[in-house]
Amino acid sequence: MNSKWYKLIVLSPFVLLAGCDDEKTVEVEVPVEVPVNVTVNPEHTLLTDPFLQLPTDNSVNVVWFTNFEGSSHQLTFGDTTTSDITTTKLNRMMEDASSSLGENNYDALTYRDVYRHEATATGLVQGERVNYYVTSIDDDGFEFISDSFTLAPAPEEGQAMKILLTSDHQSKKNVVANYQKVVETVGVPDAVLFAGDFVNVPDRASEWFDQVKENSPAFFPALQGHYQSYLPGFPYNGGEILQHAPLFGTIGNHEVMGRYLPEKEGYSLNGSFNDPQPAWYAEVAYEEVAETVNPDGDESVKAQWIADNSHNQQSFLDIFSFPDIGPAGEDYYAASFGDVFIISMNVSRIWRSWSVSGASKTKFVESIDTLDTPSEWGFGEFLFERFDAQSDQYAWLQDVMASDAFKQAKYKVVMAHQGVFGLGDNTVPVLAQPVMQVVTTDATESETIREFTFPLTPEQWSSEVAPLLEAASEIRYQYPRAEDVWLNDIEPLLIENNVDLVHIGHSHLWNRAQVEDLHYLESSNVGNSYGAYYVDSTAAYSTDVRASYSDFWEDVNSSAPRWDIEDYPPNGDPQDRVMSFPTLFSPMSAENENYPNLPFVSSNSLSVFSVLDTASGSVKSYVFDPSDLDSEVMLFDEFSLN
């Protein structure tokens with residue numbers, strides 16, 4: 001991505017005969033611009049092309065990354081050049097032994113230099129695109145110049161748009177082909193709505209910028225059309241999308257890192273990602289060490305300690321710019337974009353395995369070996385952010401939907417990552433707050449179960465939970481289907497306020513449903529599907545039991561189950577929503593002639609993408625086979641909003 005040609009300014013001697021009586025000869029040096037092909041510092045590079053953020057009626061922000069701080073940076077758009085650039089260093093971009101960078105791998109945890117540059121193109125006119133490029137100059141004076149792309153402000157109402165609906169990039173094998181086919185099929189979209197899970201481990205720099213691993217592309221190369229520069233010979237290069245189209249994202253479980261304890265022996269990026277704890281429990285733990293870690297009682301020190309010892313989405317928020325006007329900053333937000341009003345919610349929780357053996361921390365139990373050591377617990381599949389009717393996020397959502405901008409929008413779209421509906425493995429358990437069961441056993445082997453619903457206060461923990469742990473024989477987690485926060489609190493609110501579409505991810509499927517006038521769509525099937533759990537009425541197709549952990553289903557179906565099967569439906573939508581069938585043809589039946597018409601696409605060979613066409617008010621879904629370079633991209637489903 002480096003520009004190979006640079007400008008070298010040399011001082012050339014030039015003899016000037018001065019017109020004076022003694023005819024003195026004066027030698028001066030005249031600057032001469034000579035184009036030369038030079039070898040620059042090979043460690044300096046533009047890590048990305050520029051991409052677009054925060055469009056308004058007359059402006060849009062341009063962001064790009066380098067691996068050097070640089071002496072100056074510029075944005076040139078149309079006839080205007082601005083040096084008003086905000087440069088920040090990302091302080092949690094790292095690599096470790098699990099990173100993949102070709103010959104430049106790492107033996108130990110290592111911080112990388114990643115600098116973010118952001119400028120605003122102002123004075124733009126709606127409906128008009130202008131060319132732009134960026135320039136970064138390193139401390140040696142060499143210019144790194146991007147290619148030229150196009151930008152525009154937010155469109156005016158009535159302007160026809162095509163908006164890509166996607167999610168779950170996660171370095172999956174088909175994403176490069178998927179985004180390339182988007183551009184080849186519908187052209188460069190006007191915006192991207194990305195419903196979470198951008199990468200696997202958000203603190204790993206290479207997963208964003210330059211991972212070199214077959215069938216595991218980094219995020220920006222895939223969505224900026226540069227994958228072949230990292231893996232020459234690969235049949236697909238990705239799509240040149242983000243350079244021209246603003247991205248609106250939402251937080252998923254893969255945007256969240258767990259406890260940030262890099263000085264701890266054995267710390268790794270994968271280990272940290274899988275090691276979050278609830279913020280409310282970090283408050284409990286803080287009280288135990290407050291006098292040592294924060295003797296002056298500084299509130300900022302306390303907040304940072306709790307964040308470092310629970311979970312955070314710092315790297316994700318450092319990379320992107322989203323509206324920052326709500327009670328939680330950029331964690332959830334709303335934006336108008338032409339005829340579309342976009343609401344990005346924070347609906348995410350940690351993913352854990354299904355096993356109930358007690359050998360490890362899972363969504364249902366804690367490890368038997370750690371029952372009296374909650375610092376080693378996982379706390380089940382706890383929610384990272386509350387969105388129930390008593391939460392700040394819910395109150396904010398109500399306020400947003402009361403606004404004139406929302407009410408007057410032609411299309412109202414909500415993004416929420418986690419499985420709020422559908423046939424996927426990850427839609428069970430439902431989005432209920434975990435109910436922790438502390439099981440104690442007396443001398444007669446009689447069990448006593450005490451229940452505590454998350455979140456807990458430090459007072460509840462210290463007075464009610466902690467005294468039980470020494471005698472605990474098991475820690476279980478229940479997720480009552482009747483306590484589904486999305487079903488009980490959010491879905492009625494969206495229906496009441498005439499939301500048209502809920503766009504989600506998480507289960508790596510294509511499936512959709514309709515409840516009254518509200519449409520649900522998951523279109524994250526870009527390879528590495530996790531299965532659709534569905535029993536066809538003809539019995540020609542049946543995947544009837546979610547997950548591969550037989551010990552959970554053995555328990556549920558035993559004579560004395562610890563979990564009630566009514567709370568954990570083995571197949572279908574967990575709240576009995578009726579799935580919608582593709583309107584044109586079933587890609588699954590095309591893949592396997594023995595399959596009947598099926599209401600989903602779950603495949604590791606087929607790839608799907610969906611586009612909202614505001615001119616027609618329709619959402620169109622396309623399918624193709626990336627393994628066949630001549631595969632036709634076919635429209636298989638289309639439904640109308642409003």
# chains A, B, ... in the order shown; residues from 1 in each chain; ligands from 1
>>> select_by_dssp(residues="range 310-496 of chain A", states="strand (DSSP E or B)", output="JSON, numbers by chain")
{"A": [312, 326, 329, 333, 334, 335, 336, 337, 340, 341, 342, 343, 344, 349, 365, 383, 411, 412, 413, 414, 415, 424, 435, 436, 437, 438, 439, 440, 441, 447, 448, 449, 450, 451, 452, 453, 472, 473, 474, 475, 476, 477, 478]}
>>> write_last_selection(atoms="C-alpha atoms", output="PDB file, in the first residue's frame")
ATOM      1  CA  ASN A 312     -13.878  -3.418  27.782  1.00  0.00           C
ATOM      2  CA  GLY A 326     -25.835   9.200  24.499  1.00  0.00           C
ATOM      3  CA  GLY A 329     -20.917   7.522  24.620  1.00  0.00           C
ATOM      4  CA  TYR A 333     -26.152   5.539  19.339  1.00  0.00           C
ATOM      5  CA  ALA A 334     -28.605   6.802  16.720  1.00  0.00           C
ATOM      6  CA  ALA A 335     -28.027   8.495  13.358  1.00  0.00           C
ATOM      7  CA  SER A 336     -30.033   9.712  10.379  1.00  0.00           C
ATOM      8  CA  PHE A 337     -28.735   8.775   6.932  1.00  0.00           C
ATOM      9  CA  VAL A 340     -32.940   5.664   7.007  1.00  0.00           C
ATOM     10  CA  PHE A 341     -32.896   6.226  10.756  1.00  0.00           C
ATOM     11  CA  ILE A 342     -30.291   3.927  12.297  1.00  0.00           C
ATOM     12  CA  ILE A 343     -30.311   2.795  15.925  1.00  0.00           C
ATOM     13  CA  SER A 344     -27.301   0.825  17.115  1.00  0.00           C
ATOM     14  CA  ARG A 349     -22.941 -11.101  26.154  1.00  0.00           C
ATOM     15  CA  VAL A 365     -21.809 -24.088  35.543  1.00  0.00           C
ATOM     16  CA  LEU A 383     -24.848  -9.518  29.624  1.00  0.00           C
ATOM     17  CA  TYR A 411     -37.209   3.536   7.209  1.00  0.00           C
ATOM     18  CA  LYS A 412     -36.362   2.733  10.818  1.00  0.00           C
ATOM     19  CA  VAL A 413     -33.615   0.144  11.321  1.00  0.00           C
ATOM     20  CA  VAL A 414     -32.273  -1.252  14.605  1.00  0.00           C
ATOM     21  CA  MET A 415     -28.950  -3.101  14.830  1.00  0.00           C
ATOM     22  CA  GLY A 424     -29.061 -20.618  15.348  1.00  0.00           C
ATOM     23  CA  VAL A 435     -30.028 -16.625  37.607  1.00  0.00           C
ATOM     24  CA  MET A 436     -27.148 -17.939  39.692  1.00  0.00           C
ATOM     25  CA  GLN A 437     -27.946 -20.988  41.807  1.00  0.00           C
ATOM     26  CA  VAL A 438     -25.620 -21.659  44.727  1.00  0.00           C
ATOM     27  CA  VAL A 439     -26.060 -25.309  45.649  1.00  0.00           C
ATOM     28  CA  THR A 440     -25.014 -26.526  49.082  1.00  0.00           C
ATOM     29  CA  THR A 441     -25.190 -30.082  50.361  1.00  0.00           C
ATOM     30  CA  GLU A 447     -29.381 -30.115  48.527  1.00  0.00           C
ATOM     31  CA  THR A 448     -30.295 -26.518  49.219  1.00  0.00           C
ATOM     32  CA  ILE A 449     -30.482 -24.116  46.298  1.00  0.00           C
ATOM     33  CA  ARG A 450     -30.362 -20.355  46.740  1.00  0.00           C
ATOM     34  CA  GLU A 451     -31.005 -18.153  43.704  1.00  0.00           C
ATOM     35  CA  PHE A 452     -29.604 -14.726  42.830  1.00  0.00           C
ATOM     36  CA  THR A 453     -30.500 -12.841  39.656  1.00  0.00           C
ATOM     37  CA  ALA A 472     -21.017 -24.809  47.890  1.00  0.00           C
ATOM     38  CA  SER A 473     -21.121 -28.068  45.950  1.00  0.00           C
ATOM     39  CA  GLU A 474     -22.103 -26.492  42.623  1.00  0.00           C
ATOM     40  CA  ILE A 475     -22.680 -23.112  40.986  1.00  0.00           C
ATOM     41  CA  ARG A 476     -25.328 -23.293  38.252  1.00  0.00           C
ATOM     42  CA  TYR A 477     -26.831 -20.705  35.911  1.00  0.00           C
ATOM     43  CA  GLN A 478     -30.410 -20.655  34.690  1.00  0.00           C
TER      44      GLN A 478
END
>>> residues_around(residues="Ser586 in chain A", least_positions_apart="3", cutoff="10 Å", atoms="only C-alpha atoms", output="PDB file with N, CA and C atoms, in the first residue's frame")
ATOM      1  N   PHE A 581     -39.864 -17.988   4.771  1.00  0.00           N
ATOM      2  CA  PHE A 581     -39.170 -18.756   3.743  1.00  0.00           C
ATOM      3  C   PHE A 581     -38.676 -17.820   2.641  1.00  0.00           C
ATOM      4  N   PRO A 582     -37.561 -18.154   1.985  1.00  0.00           N
ATOM      5  CA  PRO A 582     -37.106 -17.339   0.852  1.00  0.00           C
ATOM      6  C   PRO A 582     -38.215 -17.202  -0.187  1.00  0.00           C
ATOM      7  N   THR A 583     -38.327 -16.021  -0.762  1.00  0.00           N
ATOM      8  CA  THR A 583     -39.442 -15.756  -1.676  1.00  0.00           C
ATOM      9  C   THR A 583     -39.205 -16.302  -3.076  1.00  0.00           C
ATOM     10  N   SER A 589     -31.804 -26.091  -0.799  1.00  0.00           N
ATOM     11  CA  SER A 589     -32.263 -27.146  -1.712  1.00  0.00           C
ATOM     12  C   SER A 589     -31.448 -27.136  -2.990  1.00  0.00           C
ATOM     13  N   ALA A 590     -30.943 -25.961  -3.370  1.00  0.00           N
ATOM     14  CA  ALA A 590     -30.070 -25.903  -4.533  1.00  0.00           C
ATOM     15  C   ALA A 590     -28.725 -26.566  -4.237  1.00  0.00           C
ATOM     16  N   GLU A 591     -28.284 -26.459  -2.967  1.00  0.00           N
ATOM     17  CA  GLU A 591     -27.021 -27.087  -2.571  1.00  0.00           C
ATOM     18  C   GLU A 591     -27.162 -28.597  -2.465  1.00  0.00           C
ATOM     19  N   TYR A 595     -32.795 -31.803  -0.042  1.00  0.00           N
ATOM     20  CA  TYR A 595     -33.404 -30.899   0.922  1.00  0.00           C
ATOM     21  C   TYR A 595     -34.684 -30.301   0.349  1.00  0.00           C
ATOM     22  N   PRO A 596     -35.677 -30.109   1.188  1.00  0.00           N
ATOM     23  CA  PRO A 596     -36.881 -29.403   0.756  1.00  0.00           C
ATOM     24  C   PRO A 596     -36.656 -27.898   0.817  1.00  0.00           C
ATOM     25  N   ASN A 597     -37.690 -27.129   0.582  1.00  0.00           N
ATOM     26  CA  ASN A 597     -37.628 -25.688   0.774  1.00  0.00           C
ATOM     27  C   ASN A 597     -37.405 -25.406   2.255  1.00  0.00           C
ATOM     28  N   LEU A 598     -36.339 -24.665   2.578  1.00  0.00           N
ATOM     29  CA  LEU A 598     -35.965 -24.435   3.972  1.00  0.00           C
ATOM     30  C   LEU A 598     -35.883 -22.934   4.251  1.00  0.00           C
ATOM     31  N   PRO A 599     -36.224 -22.515   5.476  1.00  0.00           N
ATOM     32  CA  PRO A 599     -36.276 -21.084   5.799  1.00  0.00           C
ATOM     33  C   PRO A 599     -34.950 -20.517   6.299  1.00  0.00           C
ATOM     34  N   PHE A 600     -33.839 -20.990   5.799  1.00  0.00           N
ATOM     35  CA  PHE A 600     -32.537 -20.531   6.270  1.00  0.00           C
ATOM     36  C   PHE A 600     -31.471 -20.901   5.260  1.00  0.00           C
ATOM     37  N   VAL A 601     -30.295 -20.308   5.415  1.00  0.00           N
ATOM     38  CA  VAL A 601     -29.084 -20.751   4.734  1.00  0.00           C
ATOM     39  C   VAL A 601     -28.037 -20.975   5.810  1.00  0.00           C
ATOM     40  N   VAL A 623     -27.050 -15.099  -3.134  1.00  0.00           N
ATOM     41  CA  VAL A 623     -26.254 -16.262  -2.756  1.00  0.00           C
ATOM     42  C   VAL A 623     -25.346 -16.656  -3.915  1.00  0.00           C
ATOM     43  N   PHE A 636     -32.193 -14.628  -4.128  1.00  0.00           N
ATOM     44  CA  PHE A 636     -33.045 -15.729  -3.687  1.00  0.00           C
ATOM     45  C   PHE A 636     -34.169 -15.294  -2.751  1.00  0.00           C
ATOM     46  N   ASP A 637     -34.071 -14.052  -2.235  1.00  0.00           N
ATOM     47  CA  ASP A 637     -35.129 -13.592  -1.336  1.00  0.00           C
ATOM     48  C   ASP A 637     -35.270 -12.084  -1.448  1.00  0.00           C
TER      49      ASP A 637
END
>>> closest_residue(among="A:Leu509, A:Ile145, A:Leu584, A:Ile85", to="Leu521 in chain A", atoms="only C-alpha atoms")
A:Leu509
>>> residues_around(residues="range 556-568 of chain A", least_positions_apart="5", cutoff="7 Å", atoms="only C-alpha atoms", output="count of residues only")
5
>>> residues_around(residues="Trp486 in chain A", least_positions_apart="4", cutoff="12 Å", atoms="only C-alpha atoms", output="PyMOL selection string")
chain A and resi 345-348+386-389+394+416+418-421+427+430-433+481-482+490-494+502+574-575
>>> residues_around(residues="range 187-199 of chain A", least_positions_apart="6", cutoff="7 Å", atoms="only C-alpha atoms", output="count of residues only")
32
>>> closest_residue(among="A:Asn594, A:Thr86, A:Asn309, A:Asn178", to="Ala279 in chain A", atoms="only C-alpha atoms")
A:Asn309
>>> residues_around(residues="Pro50 in chain A", least_positions_apart="3", cutoff="10 Å", atoms="only C-alpha atoms", output="VMD selection string")
chain A and resid 46 to 47 61 to 65 75 117 to 118 132 to 135 146 to 149 224 242 to 244
>>> write_last_selection(atoms="C-alpha atoms", output="JSON list (two decimals), in the first residue's frame")
[["chain", "number", "residue", "atom", "x", "y", "z"],
["A", 46, "LEU", "CA", -0.06, 3.04, 5.59],
["A", 47, "LEU", "CA", -1.88, 0.29, 7.46],
["A", 61, "ASN", "CA", -14.90, 12.32, 8.54],
["A", 62, "VAL", "CA", -11.96, 10.55, 6.93],
["A", 63, "VAL", "CA", -9.89, 8.09, 9.00],
["A", 64, "TRP", "CA", -6.72, 6.18, 8.18],
["A", 65, "PHE", "CA", -4.01, 4.30, 10.06],
["A", 75, "LEU", "CA", -6.53, 15.27, 3.65],
["A", 117, "HIS", "CA", -5.50, 9.94, 11.84],
["A", 118, "GLU", "CA", -8.89, 11.65, 11.46],
["A", 132, "TYR", "CA", -10.11, 12.62, -2.05],
["A", 133, "TYR", "CA", -6.83, 11.16, -0.89],
["A", 134, "VAL", "CA", -4.66, 11.33, 2.23],
["A", 135, "THR", "CA", -0.97, 11.98, 2.77],
["A", 146, "SER", "CA", -3.10, 6.87, -0.68],
["A", 147, "ASP", "CA", -4.91, 6.25, -3.93],
["A", 148, "SER", "CA", -7.78, 8.57, -4.80],
["A", 149, "PHE", "CA", -11.32, 7.66, -3.76],
["A", 224, "GLN", "CA", -11.07, -2.29, 1.18],
["A", 242, "LEU", "CA", -15.13, 1.44, 3.04],
["A", 243, "GLN", "CA", -13.11, 4.00, 1.06],
["A", 244, "HIS", "CA", -16.40, 5.27, -0.41]]
>>> atom_distance(atom1="CA of Asp500 in chain A", atom2="CA of Ala160 in chain A")
17.5 Å
>>> closest_atom_pairs(of="range 229-346 of chain A", to="range 92-96 of chain A", cutoff="9 Å", atoms="only C-alpha atoms", output="JSON lines")
{"residue": "A:Ser268", "atom": "CA", "partner": "A:Asp96", "partner_atom": "CA", "distance": 6.8}
{"residue": "A:Leu269", "atom": "CA", "partner": "A:Asp96", "partner_atom": "CA", "distance": 7.0}
{"residue": "A:Gln314", "atom": "CA", "partner": "A:Arg92", "partner_atom": "CA", "distance": 8.0}
{"residue": "A:Ser315", "atom": "CA", "partner": "A:Arg92", "partner_atom": "CA", "distance": 6.4}
